[in-house]
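Visitor: For reference, this is target03.cif, and it has mmCIF, C-alpha atoms and all ligand atoms.
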```cif
data_coords
loop_
_atom_site.label_atom_id
_atom_site.label_comp_id
_atom_site.auth_asym_id
_atom_site.auth_seq_id
_atom_site.Cartn_x
_atom_site.Cartn_y
_atom_site.Cartn_z
CA MET A 24 31.40 -8.67 -0.66
CA ASP A 25 27.95 -7.28 0.10
CA ASP A 26 29.07 -3.76 -0.79
CA GLU A 27 30.50 -4.99 -4.10
CA ARG A 28 27.30 -6.85 -4.90
CA ALA A 29 25.30 -3.74 -4.14
CA GLN A 30 27.30 -1.93 -6.86
CA ALA A 31 26.44 -4.48 -9.59
CA PHE A 32 23.52 -3.54 -11.86
CA LEU A 33 20.28 -4.94 -10.50
CA PRO A 34 17.69 -5.70 -13.20
CA TYR A 35 13.98 -5.74 -12.31
CA GLY A 36 13.91 -9.52 -12.77
CA ARG A 37 16.39 -12.25 -13.64
CA GLN A 38 16.50 -16.01 -14.13
CA ASN A 39 18.26 -18.30 -11.69
CA ILE A 40 20.04 -21.18 -13.47
CA ASP A 41 22.59 -23.18 -11.50
CA GLU A 42 24.90 -26.14 -12.16
CA SER A 43 22.23 -28.71 -11.32
CA ASP A 44 19.94 -27.19 -13.98
CA ILE A 45 22.76 -27.32 -16.53
CA GLU A 46 23.54 -30.94 -15.65
CA ALA A 47 19.88 -31.90 -16.00
CA VAL A 48 19.74 -30.40 -19.50
CA ILE A 49 22.99 -32.11 -20.54
CA ALA A 50 21.67 -35.47 -19.31
CA ALA A 51 18.47 -34.96 -21.33
CA LEU A 52 20.48 -34.07 -24.44
CA LYS A 53 22.49 -37.28 -24.04
CA SER A 54 19.31 -39.36 -23.81
CA PRO A 55 17.68 -40.88 -26.92
CA TYR A 56 15.09 -38.10 -26.91
CA VAL A 57 15.43 -34.50 -27.93
CA THR A 58 11.74 -33.77 -28.03
CA GLN A 59 8.62 -35.62 -26.89
CA GLY A 60 10.41 -38.01 -24.55
CA PRO A 61 9.41 -39.10 -21.04
CA LEU A 62 10.39 -35.82 -19.38
CA VAL A 63 7.40 -34.06 -20.91
CA GLU A 64 4.99 -36.13 -18.84
CA ASP A 65 7.32 -36.00 -15.83
CA PHE A 66 7.32 -32.21 -15.95
CA GLU A 67 3.54 -32.17 -16.31
CA ALA A 68 3.22 -34.46 -13.29
CA GLY A 69 5.65 -32.26 -11.33
CA LEU A 70 3.60 -29.16 -12.07
CA CYS A 71 0.39 -30.94 -11.02
CA ASP A 72 2.01 -31.99 -7.74
CA TYR A 73 3.33 -28.54 -7.00
CA LEU A 74 0.10 -26.74 -7.82
CA GLY A 75 -2.45 -29.36 -6.75
CA ALA A 76 -4.06 -29.77 -10.16
CA ASP A 77 -5.18 -32.94 -11.91
CA TYR A 78 -3.80 -32.24 -15.39
CA ALA A 79 -1.13 -30.14 -17.06
CA THR A 80 -0.29 -29.67 -20.73
CA VAL A 81 3.12 -28.08 -21.27
CA VAL A 82 3.63 -25.98 -24.39
CA CYS A 83 6.30 -23.89 -26.09
CA ASN A 84 5.46 -20.53 -24.43
CA GLY A 85 2.88 -18.76 -22.29
CA THR A 86 1.21 -17.14 -25.29
CA ALA A 87 0.67 -20.58 -26.84
CA ALA A 88 -0.78 -21.69 -23.48
CA LEU A 89 -3.35 -18.86 -23.66
CA HIS A 90 -4.11 -19.58 -27.32
CA LEU A 91 -4.69 -23.29 -26.58
CA ALA A 92 -6.74 -22.50 -23.48
CA TYR A 93 -9.09 -20.24 -25.44
CA ALA A 94 -9.22 -22.69 -28.35
CA ALA A 95 -10.04 -25.59 -26.02
CA LEU A 96 -13.03 -23.58 -24.77
CA ASP A 97 -14.19 -23.10 -28.37
CA ILE A 98 -13.72 -19.35 -28.17
CA GLY A 99 -13.97 -17.98 -31.69
CA PRO A 100 -15.56 -15.45 -34.05
CA GLY A 101 -18.59 -13.75 -32.50
CA ASP A 102 -17.39 -14.43 -28.94
CA GLU A 103 -16.10 -11.91 -26.44
CA ILE A 104 -13.77 -12.36 -23.52
CA ILE A 105 -13.50 -9.94 -20.62
CA THR A 106 -10.06 -9.31 -19.21
CA ALA A 107 -7.93 -6.68 -17.48
CA PRO A 108 -6.05 -4.08 -19.51
CA LEU A 109 -3.13 -4.15 -17.07
CA THR A 110 -1.48 -7.20 -18.57
CA PHE A 111 1.02 -8.21 -21.19
CA ALA A 112 -0.38 -8.05 -24.73
CA ALA A 113 -0.44 -11.86 -24.98
CA THR A 114 -3.57 -12.18 -22.81
CA ALA A 115 -5.56 -10.20 -25.36
CA ASN A 116 -3.67 -11.13 -28.53
CA ALA A 117 -4.33 -14.84 -28.02
CA ALA A 118 -8.07 -14.14 -28.24
CA ARG A 119 -7.56 -12.19 -31.46
CA TYR A 120 -5.72 -15.21 -33.00
CA LEU A 121 -9.13 -16.91 -32.78
CA ASN A 122 -10.97 -13.85 -34.10
CA ALA A 123 -12.70 -13.33 -30.76
CA GLU A 124 -13.19 -9.81 -29.39
CA LEU A 125 -12.04 -8.26 -26.12
CA ARG A 126 -13.81 -6.21 -23.46
CA PHE A 127 -11.46 -4.57 -20.95
CA ALA A 128 -12.69 -4.25 -17.37
CA ASP A 129 -11.51 -1.72 -14.80
CA VAL A 130 -9.03 -2.71 -12.09
CA ASP A 131 -8.51 -1.98 -8.42
CA PRO A 132 -6.40 1.22 -8.30
CA ASP A 133 -4.09 -0.18 -5.60
CA SER A 134 -3.61 -3.77 -6.82
CA GLY A 135 -4.03 -3.45 -10.60
CA ASN A 136 -6.20 -6.58 -10.55
CA ILE A 137 -9.50 -6.89 -12.41
CA LEU A 138 -12.60 -5.75 -10.49
CA PRO A 139 -15.40 -8.35 -10.47
CA SER A 140 -17.95 -5.51 -10.23
CA SER A 141 -16.61 -3.98 -13.45
CA VAL A 142 -16.59 -7.40 -15.14
CA ALA A 143 -20.25 -7.83 -14.23
CA THR A 144 -21.18 -4.61 -16.06
CA LEU A 145 -19.51 -5.79 -19.28
CA VAL A 146 -21.14 -9.20 -19.56
CA GLY A 147 -23.37 -9.43 -22.62
CA PRO A 148 -24.85 -12.05 -24.94
CA LYS A 149 -21.50 -12.59 -26.71
CA THR A 150 -19.42 -13.04 -23.57
CA LYS A 151 -17.84 -16.48 -23.39
CA ALA A 152 -15.12 -16.19 -20.76
CA ILE A 153 -13.60 -14.07 -18.03
CA VAL A 154 -9.80 -14.04 -17.98
CA ALA A 155 -8.26 -13.03 -14.66
CA VAL A 156 -4.63 -11.84 -14.66
CA HIS A 157 -2.86 -12.08 -11.31
CA LEU A 158 -0.76 -8.96 -11.71
CA GLY A 159 2.77 -9.38 -10.40
CA GLY A 160 1.69 -12.66 -8.77
CA LEU A 161 -1.08 -11.20 -6.57
CA PRO A 162 -4.23 -13.32 -6.93
CA CYS A 163 -7.43 -11.68 -8.16
CA ASP A 164 -10.65 -12.09 -6.19
CA MET A 165 -11.36 -15.55 -7.58
CA GLN A 166 -14.51 -16.18 -5.54
CA GLU A 167 -16.21 -13.02 -6.79
CA LEU A 168 -15.10 -13.73 -10.36
CA ARG A 169 -16.41 -17.29 -10.04
CA ASN A 170 -19.75 -15.89 -8.85
CA VAL A 171 -20.02 -13.63 -11.91
CA ALA A 172 -18.96 -16.49 -14.22
CA ASP A 173 -21.49 -18.91 -12.72
CA ARG A 174 -24.30 -16.37 -12.79
CA HIS A 175 -23.85 -15.95 -16.54
CA ASN A 176 -22.63 -19.44 -17.41
CA LEU A 177 -19.18 -18.27 -18.51
CA TRP A 178 -15.81 -19.96 -18.50
CA LEU A 179 -13.28 -18.66 -15.99
CA VAL A 180 -9.62 -18.64 -17.08
CA GLU A 181 -6.57 -17.47 -15.14
CA ASP A 182 -3.57 -15.98 -16.88
CA ALA A 183 -1.27 -17.07 -14.09
CA ALA A 184 1.99 -16.22 -15.89
CA HIS A 185 3.04 -14.22 -12.79
CA ALA A 186 1.51 -16.42 -10.14
CA LEU A 187 3.37 -19.73 -9.82
CA GLY A 188 3.07 -20.58 -6.12
CA ALA A 189 0.54 -17.85 -5.23
CA THR A 190 -2.43 -18.80 -3.04
CA TYR A 191 -6.02 -17.60 -2.74
CA ARG A 192 -7.83 -18.60 0.48
CA GLY A 193 -5.30 -21.40 0.98
CA HIS A 194 -5.62 -22.77 -2.56
CA ARG A 195 -2.75 -22.58 -5.01
CA ILE A 196 -3.41 -20.63 -8.17
CA GLY A 197 -3.67 -23.30 -10.88
CA SER A 198 -5.29 -25.87 -8.58
CA GLY A 199 -8.79 -25.46 -10.01
CA LEU A 200 -10.05 -22.03 -8.91
CA ALA A 201 -10.66 -21.42 -12.62
CA ASP A 202 -11.55 -23.85 -15.41
CA LEU A 203 -8.11 -23.38 -16.96
CA ALA A 204 -4.95 -21.67 -15.71
CA THR A 205 -2.05 -20.73 -17.95
CA PHE A 206 1.59 -20.21 -16.97
CA SER A 207 4.70 -18.85 -18.70
CA PHE A 208 8.23 -20.15 -18.25
CA HIS A 209 9.97 -17.20 -19.85
CA PRO A 210 13.33 -16.50 -18.10
CA VAL A 211 12.09 -13.57 -16.07
CA LYS A 212 9.31 -15.70 -14.49
CA HIS A 213 9.58 -17.93 -11.38
CA LEU A 214 10.70 -20.98 -13.32
CA THR A 215 12.22 -21.04 -16.76
CA THR A 216 12.49 -23.53 -19.61
CA GLY A 217 13.96 -20.86 -21.92
CA GLU A 218 10.65 -20.33 -23.61
CA GLY A 219 7.78 -22.42 -22.29
CA GLY A 220 4.35 -22.49 -20.75
CA ALA A 221 1.60 -24.74 -19.43
CA VAL A 222 -2.15 -25.02 -19.11
CA LEU A 223 -3.51 -26.61 -15.92
CA THR A 224 -7.00 -27.96 -15.39
CA ASN A 225 -9.02 -30.48 -13.41
CA ASN A 226 -11.25 -31.20 -16.41
CA ASN A 227 -10.21 -34.37 -18.26
CA LEU A 228 -12.08 -33.44 -21.45
CA LEU A 229 -10.29 -30.11 -21.63
CA LYS A 230 -6.98 -31.88 -20.98
CA GLU A 231 -7.58 -34.24 -23.93
CA ARG A 232 -8.47 -31.32 -26.16
CA LEU A 233 -5.42 -29.32 -25.08
CA ASP A 234 -3.12 -32.26 -25.85
CA ARG A 235 -4.70 -32.72 -29.27
CA LEU A 236 -4.50 -29.02 -30.14
CA ARG A 237 -0.85 -28.89 -29.03
CA HIS A 238 0.01 -31.41 -31.75
CA HIS A 239 -1.87 -30.50 -34.95
CA GLY A 240 -5.23 -31.83 -33.74
CA VAL A 241 -3.84 -35.38 -33.98
CA GLU A 242 -5.73 -38.18 -32.21
CA ARG A 243 -3.88 -41.47 -31.63
CA CYS A 244 -6.33 -43.18 -29.31
CA SER A 245 -8.23 -45.80 -31.34
CA ASP A 246 -11.39 -45.48 -29.19
CA LYS A 247 -11.75 -41.93 -30.43
CA PHE A 248 -11.18 -42.47 -34.15
CA SER A 249 -13.86 -41.32 -36.60
CA ASN A 250 -12.85 -44.00 -39.12
CA LYS A 251 -11.87 -47.64 -38.75
CA SER A 252 -8.15 -47.99 -38.06
CA PRO A 253 -6.26 -49.91 -40.77
CA GLY A 254 -3.31 -50.59 -38.44
CA ARG A 255 -0.95 -49.42 -35.78
CA TRP A 256 0.50 -46.56 -37.85
CA TYR A 257 -2.89 -44.91 -38.08
CA TYR A 258 -3.80 -41.57 -36.55
CA GLU A 259 -6.38 -38.95 -37.32
CA VAL A 260 -6.26 -35.17 -37.60
CA GLN A 261 -9.60 -34.41 -36.00
CA GLU A 262 -9.42 -30.64 -35.86
CA LEU A 263 -7.04 -27.86 -36.78
CA GLY A 264 -4.27 -27.82 -34.19
CA TYR A 265 -0.78 -26.37 -33.86
CA ASN A 266 2.79 -27.36 -33.17
CA TYR A 267 3.08 -25.96 -29.65
CA ARG A 268 5.19 -28.82 -28.23
CA LEU A 269 7.84 -28.31 -25.55
CA THR A 270 11.10 -30.29 -25.94
CA ASP A 271 12.41 -32.95 -23.57
CA PHE A 272 15.53 -30.97 -22.66
CA GLN A 273 13.41 -27.93 -21.81
CA CYS A 274 11.30 -30.15 -19.57
CA ALA A 275 14.52 -31.37 -17.91
CA LEU A 276 15.30 -27.75 -17.10
CA GLY A 277 11.74 -27.19 -15.91
CA LEU A 278 11.85 -30.20 -13.58
CA SER A 279 15.16 -29.13 -12.13
CA GLN A 280 13.89 -25.58 -11.63
CA LEU A 281 10.66 -26.85 -10.09
CA GLU A 282 12.59 -28.52 -7.24
CA LYS A 283 13.92 -25.12 -6.20
CA GLN A 284 10.57 -23.33 -6.25
CA PRO A 285 9.66 -23.62 -2.55
CA ALA A 286 12.97 -22.04 -1.48
CA ALA A 287 12.81 -19.43 -4.26
CA LEU A 288 9.26 -18.46 -3.34
CA LYS A 289 10.23 -18.15 0.33
CA ARG A 290 13.06 -15.81 -0.62
CA ARG A 291 10.77 -13.69 -2.85
CA ARG A 292 8.43 -13.26 0.10
CA GLU A 293 11.30 -12.29 2.45
CA ILE A 294 12.44 -9.69 -0.08
CA ALA A 295 8.90 -8.33 -0.32
CA SER A 296 8.65 -8.05 3.49
CA ARG A 297 11.92 -6.17 3.63
CA TYR A 298 10.85 -3.77 0.88
CA ARG A 299 7.54 -3.16 2.66
CA ALA A 300 9.20 -2.58 6.04
CA ARG A 301 11.76 -0.14 4.68
CA ILE A 302 9.25 1.74 2.55
CA SER A 303 6.94 2.24 5.49
CA ALA A 304 9.93 3.25 7.64
CA GLY A 305 10.44 6.45 5.66
CA LEU A 306 8.79 6.71 2.26
CA GLY A 307 5.24 5.87 3.21
CA ASP A 308 3.87 9.36 2.47
CA TYR A 309 4.64 9.00 -1.24
CA VAL A 310 5.28 5.32 -1.93
CA SER A 311 3.21 2.23 -1.23
CA ALA A 312 3.66 -1.38 -2.20
CA GLN A 313 1.02 -3.13 -4.33
CA ARG A 314 -2.05 -3.73 -2.15
CA SER A 315 -2.01 -6.91 -0.04
CA TYR A 316 -4.94 -8.98 1.25
CA ASP A 317 -5.33 -11.29 4.25
CA ASP A 318 -6.89 -14.07 2.16
CA ARG A 319 -4.21 -14.31 -0.54
CA GLN A 320 -0.45 -14.61 -0.84
CA SER A 321 1.36 -13.13 -3.80
CA ALA A 322 4.03 -15.17 -5.58
CA TYR A 323 5.91 -11.88 -6.13
CA HIS A 324 6.94 -12.34 -9.72
CA LEU A 325 7.23 -8.55 -9.56
CA PHE A 326 7.49 -6.00 -6.79
CA PRO A 327 5.42 -3.07 -8.05
CA VAL A 328 5.31 0.09 -5.97
CA LEU A 329 2.87 2.96 -6.42
CA ILE A 330 4.51 6.39 -6.32
CA ASP A 331 2.71 9.71 -6.02
CA PHE A 332 4.82 11.43 -8.69
CA ASP A 333 2.48 14.44 -8.81
CA ALA A 334 2.79 15.18 -5.09
CA LEU A 335 6.58 14.86 -5.37
CA GLY A 336 6.72 17.08 -8.47
CA ILE A 337 8.92 14.58 -10.31
CA SER A 338 8.25 12.44 -13.37
CA ARG A 339 8.46 8.65 -13.59
CA GLU A 340 11.02 9.06 -16.37
CA GLU A 341 13.27 11.12 -14.07
CA VAL A 342 12.97 8.54 -11.31
CA MET A 343 13.75 5.66 -13.67
CA ASP A 344 16.76 7.62 -15.00
CA SER A 345 18.06 8.33 -11.53
CA LEU A 346 17.65 4.70 -10.49
CA GLU A 347 19.42 3.51 -13.61
CA ARG A 348 22.34 5.83 -12.86
CA GLN A 349 22.46 4.23 -9.40
CA GLY A 350 22.62 0.78 -10.98
CA ILE A 351 18.96 -0.23 -10.66
CA GLY A 352 16.69 -1.44 -13.43
CA THR A 353 12.97 -0.75 -13.14
CA GLN A 354 10.02 -1.35 -15.44
CA VAL A 355 6.39 -0.35 -15.85
CA HIS A 356 3.88 -3.22 -15.77
CA TYR A 357 1.95 -2.42 -17.90
CA ILE A 358 0.92 0.19 -20.42
CA PRO A 359 -2.80 -0.71 -20.52
CA VAL A 360 -3.36 -3.05 -23.48
CA SER A 361 -6.55 -1.17 -24.38
CA TRP A 362 -4.42 1.95 -24.94
CA GLN A 363 -2.24 0.21 -27.54
CA PRO A 364 -2.70 1.44 -31.13
CA TYR A 365 -3.85 -1.98 -32.39
CA TYR A 366 -6.65 -2.16 -29.82
CA GLN A 367 -7.54 1.54 -30.14
CA GLU A 368 -7.94 1.09 -33.89
CA ARG A 369 -10.20 -1.88 -33.28
CA TYR A 370 -12.26 -0.68 -30.35
CA GLY A 371 -11.78 3.11 -30.41
CA GLN A 372 -10.53 5.34 -27.63
CA PRO A 373 -10.86 3.37 -24.37
CA GLN A 374 -13.43 4.65 -21.89
CA ALA A 375 -11.93 6.50 -18.92
CA GLN A 376 -11.31 3.84 -16.30
CA VAL A 377 -10.42 5.34 -12.95
CA GLY A 378 -8.67 2.28 -11.52
CA VAL A 379 -6.61 1.60 -14.65
CA HIS A 380 -5.58 5.23 -14.92
CA HIS A 381 -4.72 5.62 -11.26
CA TYR A 382 -2.68 2.40 -11.09
CA TYR A 383 -0.84 2.97 -14.36
CA GLN A 384 0.14 6.57 -13.55
CA ARG A 385 1.83 5.52 -10.31
CA THR A 386 3.30 2.07 -10.88
CA LEU A 387 6.97 1.14 -11.03
CA SER A 388 8.40 -2.38 -10.62
CA LEU A 389 11.53 -2.61 -8.46
CA PRO A 390 14.04 -5.51 -8.71
CA MET A 391 12.57 -8.82 -7.51
CA TYR A 392 14.28 -12.20 -7.88
CA PRO A 393 15.48 -14.78 -5.34
CA GLY A 394 19.18 -13.97 -5.83
CA LEU A 395 18.67 -10.47 -4.40
CA GLY A 396 20.42 -10.08 -1.02
CA ASP A 397 19.22 -7.91 1.88
CA THR A 398 22.00 -5.39 1.20
CA GLU A 399 20.80 -5.09 -2.37
CA VAL A 400 17.19 -4.60 -1.31
CA ASP A 401 18.38 -1.81 1.02
CA HIS A 402 20.41 -0.32 -1.81
CA VAL A 403 17.29 -0.24 -4.01
CA VAL A 404 15.20 1.49 -1.32
CA ASP A 405 17.95 4.01 -0.51
CA SER A 406 18.41 4.75 -4.21
CA LEU A 407 14.67 5.22 -4.62
CA ALA A 408 14.66 7.66 -1.66
CA ARG A 409 17.48 9.62 -3.32
CA ALA A 410 15.68 9.59 -6.67
CA LEU A 411 12.58 11.00 -4.98
CA GLY A 412 14.57 13.62 -3.03
CA GLN A 413 13.66 12.03 0.31
CA GLN A 414 15.70 11.09 3.37
CA LEU A 415 16.94 7.52 3.55
CA PRO A 416 14.44 5.37 5.46
CA ALA A 417 15.57 3.76 8.72
CA LYS A 418 17.31 0.40 8.49
CA VAL A 419 15.42 -2.73 9.48
CA ALA A 420 16.86 -5.91 11.02
CA SER A 421 17.91 -8.69 8.59
C1 LIG B 1 0.64 -11.81 -17.89
C2 LIG B 1 1.34 -12.52 -19.02
N1 LIG B 1 0.63 -13.33 -19.81
C3 LIG B 1 1.20 -14.00 -20.82
C4 LIG B 1 2.54 -13.88 -21.10
C5 LIG B 1 3.11 -14.58 -22.28
O1 LIG B 1 4.09 -15.51 -21.94
P1 LIG B 1 5.26 -15.88 -22.96
O2 LIG B 1 6.20 -14.73 -23.02
O3 LIG B 1 5.86 -17.12 -22.35
O4 LIG B 1 4.62 -16.17 -24.28
C6 LIG B 1 3.35 -13.05 -20.29
C7 LIG B 1 4.77 -12.91 -20.57
O5 LIG B 1 5.44 -12.01 -20.18
C8 LIG B 1 2.72 -12.34 -19.23
O6 LIG B 1 3.43 -11.53 -18.45
#
```
Would you mind writing the file's structure down as structure tokens?
Ligand SMILES: Cc1ncc(COP(=O)(O)O)c(C=O)c1O
Guide:
Amino acid sequence: MDDERAQAFLPYGRQNIDESDIEAVIAALKSPYVTQGPLVEDFEAGLCDYLGADYATVVCNGTAALHLAYAALDIGPGDEIITAPLTFAATANAARYLNAELRFADVDPDSGNILPSSVATLVGPKTKAIVAVHLGGLPCDMQELRNVADRHNLWLVEDAAHALGATYRGHRIGSGLADLATFSFHPVKHLTTGEGGAVLTNNNLLKERLDRLRHHGVERCSDKFSNKSPGRWYYEVQELGYNYRLTDFQCALGLSQLEKQPAALKRRREIASRYRARISAGLGDYVSAQRSYDDRQSAYHLFPVLIDFDALGISREEVMDSLERQGIGTQVHYIPVSWQPYYQERYGQPQAQVGVHHYYQRTLSLPMYPGLGDTEVDHVVDSLARALGQQLPAKVAS
């Protein structure tokens, strides 16, 4: 069985939907609600419990979560946000939806995470927020970023799309290390609702604003009306909002998936340990795992390795080809956003950033999802060794 499984194609990430998830969705579809029923608040409460936050606002995708987070902070024309270029386009695009501008900071060459020292050099009179991206699920240095934010009176936001369950100095990402934290529930992430996302905060005023912006800027609470209410049907559109609602049946899926997160996270960490052990058992001269830190635990949305392609005299394309022929999907996270034509046209050729360049040239994400067995992890490492023309690393105990 294990040998057969090792032959099946292994993508770099994959959702994990079982019968209990399917039953939960069917039950929600049979209920009187399709959208905006009780499961929305239940899912929000579940997320708060899991992450240790006071408030959650669930939305229709992670990009909408970023857009609402920035909007709730009044980020707009004339403002700048500082973020990392090693992220998915959404982190930056969401700021452009509001006509704000981006400054891209350098990253640590071995983790890909934003460097607080680089952020500090970019702060100027227009800076409104710092947006940390926990690449692959590895937390950024939140204390140092908080120090920079506090020194300059800036908002601190986390794009935690990769980091559900990650911890920094014993605190869960999303529990209040930043003013707002956003998550994505796209299928390749830890937990899926099909499409979906959330913003978490401990600030009740931001929570109210996020809820209002999610639903067209509508206010239903009579204490907050600008005009006198003529009756119970009355509501007010108090600002320009959006339709970023998440449906009840998606929340049913989210709740069901949430129950399985502790076990899934444990398995991701076991897989990561096995990868690390086998890589250091034979490939360590040319391959290293993403940097790790004693004061933080990655949630391992991804398992990026850094490969010295130059020293090996082989290209990343050749390695990806070879791995694909051996049944293994890999991906590059990410082409720096600042190098994308849209951002180059807007901001010009990006300045040479040593960390960004060094990380991007070497990175490759190997398969990482809880359904991956030990035999499959070994198959990935052995295939990588073959692709790099190296001997197979020694086995490690299961
Ligand atoms: C770092 C990061 N931020 C934001 C997003 C956007 O999430 P979504 O695809 O749910 O809109 C993603 C999605 O891949 C992501 O990886």
Visitor: Would you write out, as JSON lines, a table of all residues in stretch 124-223 of chain A that have an atom no more than 12 Å from an atom of stretch 37-44 of chain A, listing for each the closest atom pair and the distance in Å to one decimal, considering all atoms listed in the file and ordering rows by chain and rising residue number?
Guide:
```
{"residue": "A:Phe208", "atom": "CA", "partner": "A:Gln38", "partner_atom": "CA", "distance": 10.1}
{"residue": "A:His209", "atom": "CA", "partner": "A:Gln38", "partner_atom": "CA", "distance": 8.8}
{"residue": "A:Pro210", "atom": "CA", "partner": "A:Gln38", "partner_atom": "CA", "distance": 5.1}
{"residue": "A:Val211", "atom": "CA", "partner": "A:Arg37", "partner_atom": "CA", "distance": 5.1}
{"residue": "A:Lys212", "atom": "CA", "partner": "A:Gln38", "partner_atom": "CA", "distance": 7.2}
{"residue": "A:His213", "atom": "CA", "partner": "A:Gln38", "partner_atom": "CA", "distance": 7.7}
{"residue": "A:Leu214", "atom": "CA", "partner": "A:Gln38", "partner_atom": "CA", "distance": 7.7}
{"residue": "A:Thr215", "atom": "CA", "partner": "A:Gln38", "partner_atom": "CA", "distance": 7.1}
{"residue": "A:Thr216", "atom": "CA", "partner": "A:Ile40", "partner_atom": "CA", "distance": 10.0}
{"residue": "A:Gly217", "atom": "CA", "partner": "A:Gln38", "partner_atom": "CA", "distance": 9.5}
{"residue": "A:Glu218", "atom": "CA", "partner": "A:Gln38", "partner_atom": "CA", "distance": 11.9}
```
Visitor: Just to be explicit: take each residue in the selection above, keep C-alpha atoms, and write the result as a PDB file, in the frame of the given file.
Guide:
```
ATOM      1  CA  PHE A 208       8.230 -20.150 -18.250  1.00  0.00           C
ATOM      2  CA  HIS A 209       9.970 -17.200 -19.850  1.00  0.00           C
ATOM      3  CA  PRO A 210      13.330 -16.500 -18.100  1.00  0.00           C
ATOM      4  CA  VAL A 211      12.090 -13.570 -16.070  1.00  0.00           C
ATOM      5  CA  LYS A 212       9.310 -15.700 -14.490  1.00  0.00           C
ATOM      6  CA  HIS A 213       9.580 -17.930 -11.380  1.00  0.00           C
ATOM      7  CA  LEU A 214      10.700 -20.980 -13.320  1.00  0.00           C
ATOM      8  CA  THR A 215      12.220 -21.040 -16.760  1.00  0.00           C
ATOM      9  CA  THR A 216      12.490 -23.530 -19.610  1.00  0.00           C
ATOM     10  CA  GLY A 217      13.960 -20.860 -21.920  1.00  0.00           C
ATOM     11  CA  GLU A 218      10.650 -20.330 -23.610  1.00  0.00           C
TER      12      GLU A 218
END
```
Visitor: Return as JSON the centre and edge lengths, in Å with one decimal, of the box along x, y and z that encloses every atom of ligand LIG 1 (chain B) in the file, padded by 4 Å per side.
Guide:
```
{"center_x": 3.4, "center_y": -14.3, "center_z": -21.1, "size_x": 13.6, "size_y": 13.6, "size_z": 14.4}
```
Visitor: Work out how far atom CA of A:Pro373 is from atom CA of A:Ala155, in Å to one decimal.
Guide: 19.2 Å
Visitor: Have a look at A:Leu395, A:Leu389, A:Leu177, A:Ala221 and name the one nearest to A:Phe66; count all atoms listed in the file.
Guide: A:Ala221
Visitor: Could you list the protein, DNA and RNA residues that have any atom within 6 Å of ligand LIG 1 (chain B), counting all atoms listed in the file, and write them as number ranges by chain?
Guide: A: 84-86, 110-111, 113-114, 182, 184, 207-209, 218-220
